[in-house]
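The structure file my_file.cif is reproduced below (mmCIF, C-alpha atoms).
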data_final
loop_
_atom_site.label_atom_id
_atom_site.label_comp_id
_atom_site.auth_asym_id
_atom_site.auth_seq_id
_atom_site.Cartn_x
_atom_site.Cartn_y
_atom_site.Cartn_z
CA MET S 1 98.54 93.22 128.24
CA TRP S 2 101.85 93.36 130.11
CA VAL S 3 100.68 92.35 133.62
CA ALA S 4 98.32 89.46 132.89
CA PRO S 5 99.56 85.85 133.25
CA ASP S 6 101.49 84.73 130.15
CA ALA S 7 101.30 88.29 128.84
CA ARG S 8 103.56 89.58 126.08
CA ALA S 9 107.02 90.76 127.12
CA ARG S 10 107.27 94.40 128.15
CA PRO S 11 109.16 96.77 125.84
CA SER S 12 112.50 98.03 127.12
CA ILE S 13 112.51 101.42 125.42
CA ASN S 14 114.41 104.56 126.42
CA VAL S 15 113.71 108.29 126.13
CA ASP S 16 115.24 108.50 122.65
CA ASP S 17 112.92 105.71 121.48
CA VAL S 18 109.90 107.57 122.83
CA ILE S 19 110.98 110.73 120.99
CA LYS S 20 111.20 108.74 117.75
CA MET S 21 107.67 107.46 118.29
CA LEU S 22 106.16 110.91 118.86
CA PRO S 23 105.57 111.64 115.14
CA VAL S 24 103.62 108.38 114.78
CA ALA S 25 101.62 109.15 117.93
CA PHE S 26 100.82 112.67 116.73
CA CYS S 27 99.67 111.38 113.35
CA ALA S 28 97.55 108.71 115.07
CA LEU S 29 95.97 111.43 117.21
CA GLY S 30 95.27 113.60 114.17
CA ALA S 31 93.86 110.77 112.07
CA HIS S 32 91.49 109.53 114.77
CA SER S 33 90.36 112.97 115.96
CA ALA S 34 89.66 114.19 112.42
CA SER S 35 87.84 110.94 111.60
CA VAL S 36 85.57 111.29 114.62
CA PHE S 37 84.80 114.89 113.68
CA ALA S 38 84.09 113.92 110.06
CA LEU S 39 81.65 111.20 111.12
CA SER S 40 79.86 113.59 113.49
CA ALA S 41 79.72 116.50 111.02
CA GLY S 42 77.76 114.59 108.37
CA ALA S 43 76.33 111.21 107.49
CA VAL S 44 78.48 108.30 108.64
CA SER S 45 78.33 106.80 105.14
CA PHE S 46 79.57 110.06 103.58
CA GLY S 47 82.52 110.26 105.97
CA GLN S 48 83.43 106.66 105.18
CA ILE S 49 83.17 107.32 101.45
CA VAL S 50 85.58 110.26 101.58
CA LYS S 51 87.97 108.35 103.82
CA ALA S 52 88.04 105.61 101.19
CA SER S 53 90.36 107.87 99.17
CA GLU S 54 93.13 107.37 101.76
CA PRO S 55 95.27 105.25 99.37
CA VAL S 56 95.72 108.29 97.13
CA PHE S 57 97.18 110.31 99.99
CA ALA S 58 99.39 107.37 100.99
CA ALA S 59 100.62 106.83 97.42
CA VAL S 60 101.53 110.50 96.90
CA LEU S 61 103.40 110.67 100.20
CA SER S 62 105.19 107.35 99.63
CA GLN S 63 106.28 108.35 96.12
CA PHE S 64 107.32 111.96 96.64
CA VAL S 65 108.09 112.35 100.36
CA TYR S 66 109.35 108.93 101.45
CA LYS S 67 110.83 108.02 98.02
CA LYS S 68 109.16 104.60 97.83
CA LYS S 69 108.33 104.01 94.19
CA ILE S 70 104.77 103.05 93.25
CA SER S 71 104.43 101.18 89.93
CA THR S 72 102.74 102.87 86.99
CA ALA S 73 100.11 100.13 86.92
CA LYS S 74 99.17 100.83 90.54
CA TRP S 75 99.01 104.56 89.89
CA ALA S 76 96.56 103.77 87.08
CA CYS S 77 94.27 102.00 89.56
CA LEU S 78 93.95 105.01 91.84
CA PRO S 79 91.60 106.99 89.52
CA ILE S 80 89.24 104.00 89.56
CA ILE S 81 89.14 104.13 93.34
CA ILE S 82 88.65 107.90 93.30
CA GLY S 83 85.94 107.57 90.66
CA GLY S 84 84.07 105.10 92.80
CA VAL S 85 84.28 107.44 95.79
CA VAL S 86 83.01 110.39 93.73
CA LEU S 87 80.18 108.36 92.22
CA ALA S 88 79.15 107.03 95.61
CA SER S 89 79.00 110.52 97.11
CA VAL S 90 77.61 112.52 94.18
CA LYS S 91 73.99 111.99 95.29
CA GLU S 92 74.71 112.00 99.00
CA LEU S 93 71.80 113.81 100.62
CA ASP S 94 73.75 114.67 103.75
CA PHE S 95 76.75 116.27 102.06
CA ALA S 96 78.69 118.56 104.41
CA PHE S 97 81.83 120.50 103.56
CA SER S 98 83.01 120.30 107.17
CA ALA S 99 82.81 116.49 107.00
CA LEU S 100 84.63 116.50 103.65
CA ILE S 101 87.47 118.69 104.96
CA ALA S 102 87.80 116.73 108.20
CA ALA S 103 87.87 113.40 106.36
CA CYS S 104 90.59 114.68 104.00
CA ILE S 105 92.64 115.86 106.99
CA ALA S 106 92.15 112.42 108.56
CA ASN S 107 93.37 110.81 105.32
CA LEU S 108 96.49 112.99 105.32
CA PHE S 109 97.32 112.14 108.92
CA ALA S 110 96.62 108.44 108.28
CA ALA S 111 98.94 108.44 105.28
CA PHE S 112 101.74 110.03 107.30
CA LYS S 113 101.06 107.61 110.17
CA GLY S 114 101.38 104.59 107.91
CA ASN S 115 104.69 105.74 106.45
CA GLU S 116 106.10 106.82 109.82
CA ASN S 117 104.97 103.56 111.39
CA LYS S 118 106.71 101.58 108.67
CA LYS S 119 109.88 103.64 109.09
CA LEU S 120 109.81 103.03 112.84
CA MET S 121 109.49 99.27 112.27
CA GLU S 122 112.66 99.38 110.18
CA THR S 123 114.69 101.46 112.66
CA ASP S 124 117.49 99.36 114.12
CA GLY S 125 117.53 99.21 117.89
CA VAL S 126 114.03 100.62 118.38
CA LYS S 127 112.28 97.61 116.89
CA ASP S 128 114.40 95.28 119.01
CA ARG S 129 113.70 97.15 122.25
CA LEU S 130 109.98 97.29 121.47
CA GLY S 131 109.97 93.54 121.03
CA SER S 132 106.90 93.23 118.78
CA VAL S 133 104.55 95.10 116.49
CA GLY S 134 101.86 94.81 119.16
CA ASN S 135 104.10 96.59 121.66
CA GLN S 136 104.85 99.30 119.13
CA PHE S 137 101.16 99.96 118.60
CA ALA S 138 100.47 99.88 122.35
CA VAL S 139 103.17 102.44 123.19
CA VAL S 140 102.13 104.69 120.29
CA SER S 141 98.51 104.51 121.47
CA ILE S 142 99.50 105.49 125.02
CA LEU S 143 101.49 108.46 123.69
CA ALA S 144 98.62 109.50 121.41
CA PHE S 145 96.22 109.35 124.37
CA ILE S 146 98.46 111.58 126.48
CA MET S 147 98.80 114.05 123.61
CA SER S 148 95.01 114.12 123.14
CA ILE S 149 94.28 115.31 126.69
CA PRO S 150 94.95 119.03 125.95
CA LEU S 151 92.75 118.76 122.84
CA LEU S 152 90.00 117.20 124.94
CA ILE S 153 90.21 119.96 127.53
CA VAL S 154 90.07 122.73 124.92
CA THR S 155 87.26 121.31 122.79
CA GLU S 156 85.12 119.31 125.21
CA GLY S 157 86.33 120.24 128.69
CA LYS S 158 83.18 122.20 129.58
CA LYS S 159 81.07 119.12 128.86
CA TRP S 160 83.03 116.80 131.15
CA GLY S 161 80.43 116.96 133.89
CA GLN S 162 77.65 115.99 131.47
CA PHE S 163 79.75 113.09 130.24
CA VAL S 164 80.38 111.77 133.76
CA GLU S 165 76.68 112.00 134.55
CA LEU S 166 75.75 110.09 131.37
CA TRP S 167 78.41 107.48 132.12
CA ASN S 168 77.02 106.90 135.60
CA THR S 169 73.33 106.90 134.65
CA ASN S 170 73.20 105.40 131.15
CA PRO S 171 74.64 101.86 130.89
CA VAL S 172 74.20 101.88 127.11
CA ILE S 173 76.70 104.73 126.74
CA SER S 174 79.26 103.21 129.10
CA PHE S 175 78.98 99.77 127.45
CA ASN S 176 79.22 101.17 123.91
CA LEU S 177 82.23 103.32 124.79
CA ILE S 178 84.12 100.36 126.27
CA ALA S 179 83.11 98.05 123.40
CA SER S 180 84.01 100.56 120.68
CA GLY S 181 87.36 101.23 122.37
CA LEU S 182 88.21 97.52 122.46
CA TYR S 183 87.13 97.02 118.86
CA PHE S 184 89.09 100.08 117.77
CA TYR S 185 92.23 98.92 119.57
CA GLY S 186 92.03 95.36 118.23
CA TYR S 187 91.37 96.49 114.67
CA ASN S 188 94.25 98.97 114.65
CA GLU S 189 96.72 96.52 116.16
CA LEU S 190 95.87 94.07 113.38
CA ALA S 191 96.23 96.89 110.85
CA THR S 192 99.70 97.64 112.24
CA MET S 193 100.64 93.97 111.84
CA THR S 194 99.41 94.15 108.23
CA LEU S 195 101.58 97.22 107.68
CA LYS S 196 104.69 95.32 108.80
CA LYS S 197 104.12 92.62 106.18
CA THR S 198 103.21 95.02 103.35
CA GLY S 199 103.63 98.78 103.06
CA ALA S 200 101.87 102.04 103.81
CA VAL S 201 100.01 102.22 100.49
CA THR S 202 98.93 98.57 100.48
CA GLN S 203 97.73 98.90 104.06
CA SER S 204 95.69 101.97 103.09
CA VAL S 205 94.21 100.09 100.14
CA ALA S 206 93.22 97.20 102.40
CA ASN S 207 91.74 99.71 104.81
CA THR S 208 89.58 101.04 101.97
CA ALA S 209 88.30 97.58 101.09
CA LYS S 210 86.58 97.22 104.45
CA ARG S 211 84.73 100.49 104.05
CA VAL S 212 82.12 99.09 101.67
CA ILE S 213 80.86 96.94 104.53
CA VAL S 214 80.79 99.95 106.82
CA ILE S 215 79.08 102.16 104.23
CA VAL S 216 76.34 99.67 103.40
CA GLY S 217 75.95 98.29 106.93
CA VAL S 218 75.75 101.67 108.64
CA ALA S 219 73.38 103.06 106.01
CA ILE S 220 71.04 100.13 106.62
CA VAL S 221 71.21 100.31 110.41
CA LEU S 222 70.85 104.11 110.61
CA GLY S 223 68.38 104.40 107.74
CA GLU S 224 70.61 106.62 105.61
CA SER S 225 70.20 106.99 101.86
CA LEU S 226 71.53 103.99 99.94
CA ASP S 227 70.47 104.32 96.31
CA PRO S 228 71.79 102.31 93.31
CA ILE S 229 74.28 105.06 92.39
CA LYS S 230 75.93 104.83 95.80
CA LEU S 231 76.06 101.04 95.58
CA LEU S 232 77.55 101.25 92.08
CA GLY S 233 80.16 103.72 93.30
CA CYS S 234 81.05 101.44 96.21
CA GLY S 235 81.38 98.50 93.81
CA ILE S 236 83.66 100.45 91.47
CA GLY S 237 85.79 101.68 94.34
CA ILE S 238 86.22 98.23 95.84
CA GLY S 239 86.86 96.76 92.39
CA GLY S 240 89.64 99.31 91.97
CA VAL S 241 91.09 98.25 95.33
CA LEU S 242 91.08 94.59 94.30
CA LEU S 243 92.68 95.45 90.97
CA TYR S 244 95.33 97.49 92.78
CA SER S 245 96.24 94.47 94.89
CA VAL S 246 96.89 92.16 91.92
CA ILE S 247 97.82 94.50 89.05
CA ASP S 248 101.58 94.12 89.40
CA SER S 249 101.27 90.32 89.25
CA LEU S 250 99.04 90.51 86.16
CA VAL S 251 101.46 92.87 84.39
CA ALA S 252 104.43 90.68 85.29
CA LYS S 253 102.74 87.59 83.81
CA LYS S 254 102.10 89.38 80.51
CA GLU S 255 105.72 90.45 80.32
#

As structure tokens, the full file:
Amino acid sequence: MWVAPDARARPSINVDDVIKMLPVAFCALGAHSASVFALSAGAVSFGQIVKASEPVFAAVLSQFVYKKKISTAKWACLPIIIGGVVLASVKELDFAFSALIAACIANLFAAFKGNENKKLMETDGVKDRLGSVGNQFAVVSILAFIMSIPLLIVTEGKKWGQFVELWNTNPVISFNLIASGLYFYGYNELATMTLKKTGAVTQSVANTAKRVIVIVGVAIVLGESLDPIKLLGCGIGIGGVLLYSVIDSLVAKKE
């Protein structure tokens, strides 16, 4: 992205800037690693359902840790979102406590990442030397990758040889890994741009809205259970997300 013709300008950061980005990188590492574990520990749809409660984690952290006030009307929308998540997962046939715990950990890391990312965007000097939101996400991703190497060695190091063999002999695996990496990077860079224009909680809410597509789509493709209760729960959860996005405007009009 920095060496191609007409590429974006390179960031001109220093060591102090890198140190300030480490908390964001660590949270990005934790959120992604825990998400991957959650999706592998149980049904993909179940992991997505639990991760849909991310706005609750973001709202609590924003209100009580980062001192960014959330309106009472928006707080009232959160139980609707939670209710939808609970309803959608109550009849989940592939329920797994390990997936539940991992998804909650991922939500916590994601909430911290959103708030720390927003704080970094507002830090004088750093944002200017980074040059753009895209550069900020790129540098954070590089740092998160470097920090993930020890975790990879400890948890999956003994399987490295098997992975290399599969990469060399199975083109489906190599293609899907490259494609998923590109999709993941593009999606998260856009999410970071959304964060700049909104806030950590709103970004988490928007992130939840896309999960209904993932829940239904993955369940259909992988043949997982998708009964009316789960669909109703998804509908309630997404309805709560939409209400959250407009509730302050509706309240203001009535006043």

Closest atom pairs, residues of stretch 16-117 of chain S within 10 Å of stretch 145-165 of chain S, all atoms listed in the file, as a Markdown table:
| residue | atom | partner | partner_atom | distance |
| --- | --- | --- | --- | --- |
| S:Leu22 | CA | S:Met147 | CA | 9.3 |
| S:Ala25 | CA | S:Met147 | CA | 8.0 |
| S:Phe26 | CA | S:Met147 | CA | 7.3 |
| S:Ala28 | CA | S:Phe145 | CA | 9.4 |
| S:Leu29 | CA | S:Ser148 | CA | 6.6 |
| S:Gly30 | CA | S:Ser148 | CA | 9.0 |
| S:Ser33 | CA | S:Ser148 | CA | 8.6 |

Convert the output of the PyMOL selection byres ((chain S and resi 232-239) around 8) on the shown file into explicit residues, formatted as an mmCIF file with C-alpha atoms, in the coordinates of the input.
data_model
loop_
_atom_site.group_PDB
_atom_site.id
_atom_site.type_symbol
_atom_site.label_atom_id
_atom_site.label_comp_id
_atom_site.auth_asym_id
_atom_site.auth_seq_id
_atom_site.Cartn_x
_atom_site.Cartn_y
_atom_site.Cartn_z
ATOM 1 C CA ILE S 80 89.240 104.000 89.560
ATOM 2 C CA ILE S 81 89.140 104.130 93.340
ATOM 3 C CA ILE S 82 88.650 107.900 93.300
ATOM 4 C CA GLY S 83 85.940 107.570 90.660
ATOM 5 C CA GLY S 84 84.070 105.100 92.800
ATOM 6 C CA VAL S 85 84.280 107.440 95.790
ATOM 7 C CA VAL S 86 83.010 110.390 93.730
ATOM 8 C CA LEU S 87 80.180 108.360 92.220
ATOM 9 C CA ALA S 88 79.150 107.030 95.610
ATOM 10 C CA SER S 89 79.000 110.520 97.110
ATOM 11 C CA THR S 208 89.580 101.040 101.970
ATOM 12 C CA ALA S 209 88.300 97.580 101.090
ATOM 13 C CA VAL S 212 82.120 99.090 101.670
ATOM 14 C CA PRO S 228 71.790 102.310 93.310
ATOM 15 C CA ILE S 229 74.280 105.060 92.390
ATOM 16 C CA LYS S 230 75.930 104.830 95.800
ATOM 17 C CA LEU S 231 76.060 101.040 95.580
ATOM 18 C CA GLY S 240 89.640 99.310 91.970
ATOM 19 C CA VAL S 241 91.090 98.250 95.330
ATOM 20 C CA LEU S 242 91.080 94.590 94.300
ATOM 21 C CA LEU S 243 92.680 95.450 90.970
#

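Nearest residue to S:Val65 among S:Ala111, S:Ala52, S:Ala106, S:Leu226 is S:Ala111, counting all atoms listed in the file.
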
Any idea what the distance is between atom CA of S:Ser98 and atom CA of S:Gly47?
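Rounded to one decimal, the two atoms are 10.1 Å apart.
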
For stretch 71-76 of chain S: contacts at 10 Å, all atoms listed in the file, fewer than 3 positions along chain excluded, given as a PyMOL selection string
chain S and resi 56+59-60+63+68+79-81+240-241+243-248+250-251

For the residues in that selection, give me C-alpha atoms as a PDB file, in the coordinates of the input.
ATOM      1  CA  VAL S  56      95.720 108.290  97.130  1.00  0.00           C
ATOM      2  CA  ALA S  59     100.620 106.830  97.420  1.00  0.00           C
ATOM      3  CA  VAL S  60     101.530 110.500  96.900  1.00  0.00           C
ATOM      4  CA  GLN S  63     106.280 108.350  96.120  1.00  0.00           C
ATOM      5  CA  LYS S  68     109.160 104.600  97.830  1.00  0.00           C
ATOM      6  CA  PRO S  79      91.600 106.990  89.520  1.00  0.00           C
ATOM      7  CA  ILE S  80      89.240 104.000  89.560  1.00  0.00           C
ATOM      8  CA  ILE S  81      89.140 104.130  93.340  1.00  0.00           C
ATOM      9  CA  GLY S 240      89.640  99.310  91.970  1.00  0.00           C
ATOM     10  CA  VAL S 241      91.090  98.250  95.330  1.00  0.00           C
ATOM     11  CA  LEU S 243      92.680  95.450  90.970  1.00  0.00           C
ATOM     12  CA  TYR S 244      95.330  97.490  92.780  1.00  0.00           C
ATOM     13  CA  SER S 245      96.240  94.470  94.890  1.00  0.00           C
ATOM     14  CA  VAL S 246      96.890  92.160  91.920  1.00  0.00           C
ATOM     15  CA  ILE S 247      97.820  94.500  89.050  1.00  0.00           C
ATOM     16  CA  ASP S 248     101.580  94.120  89.400  1.00  0.00           C
ATOM     17  CA  LEU S 250      99.040  90.510  86.160  1.00  0.00           C
ATOM     18  CA  VAL S 251     101.460  92.870  84.390  1.00  0.00           C
TER      19      VAL S 251
END

Which of these, S:Ile49, S:Leu100, S:Met21, S:Leu108, has the shortest distance to S:Leu61 once you count only C-alpha atoms?
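So, comparing all the options, the nearest one is S:Leu108.
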
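With distances taken over all atoms listed in the file, S:Asn107 is the one residue among S:Ser174, S:Asn168, S:Asn107, S:Asn188 lying closest to S:Ala58.
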
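Interatomic distance, atom CA of S:Val140 against atom CA of S:Ile70: 27.2 Å.
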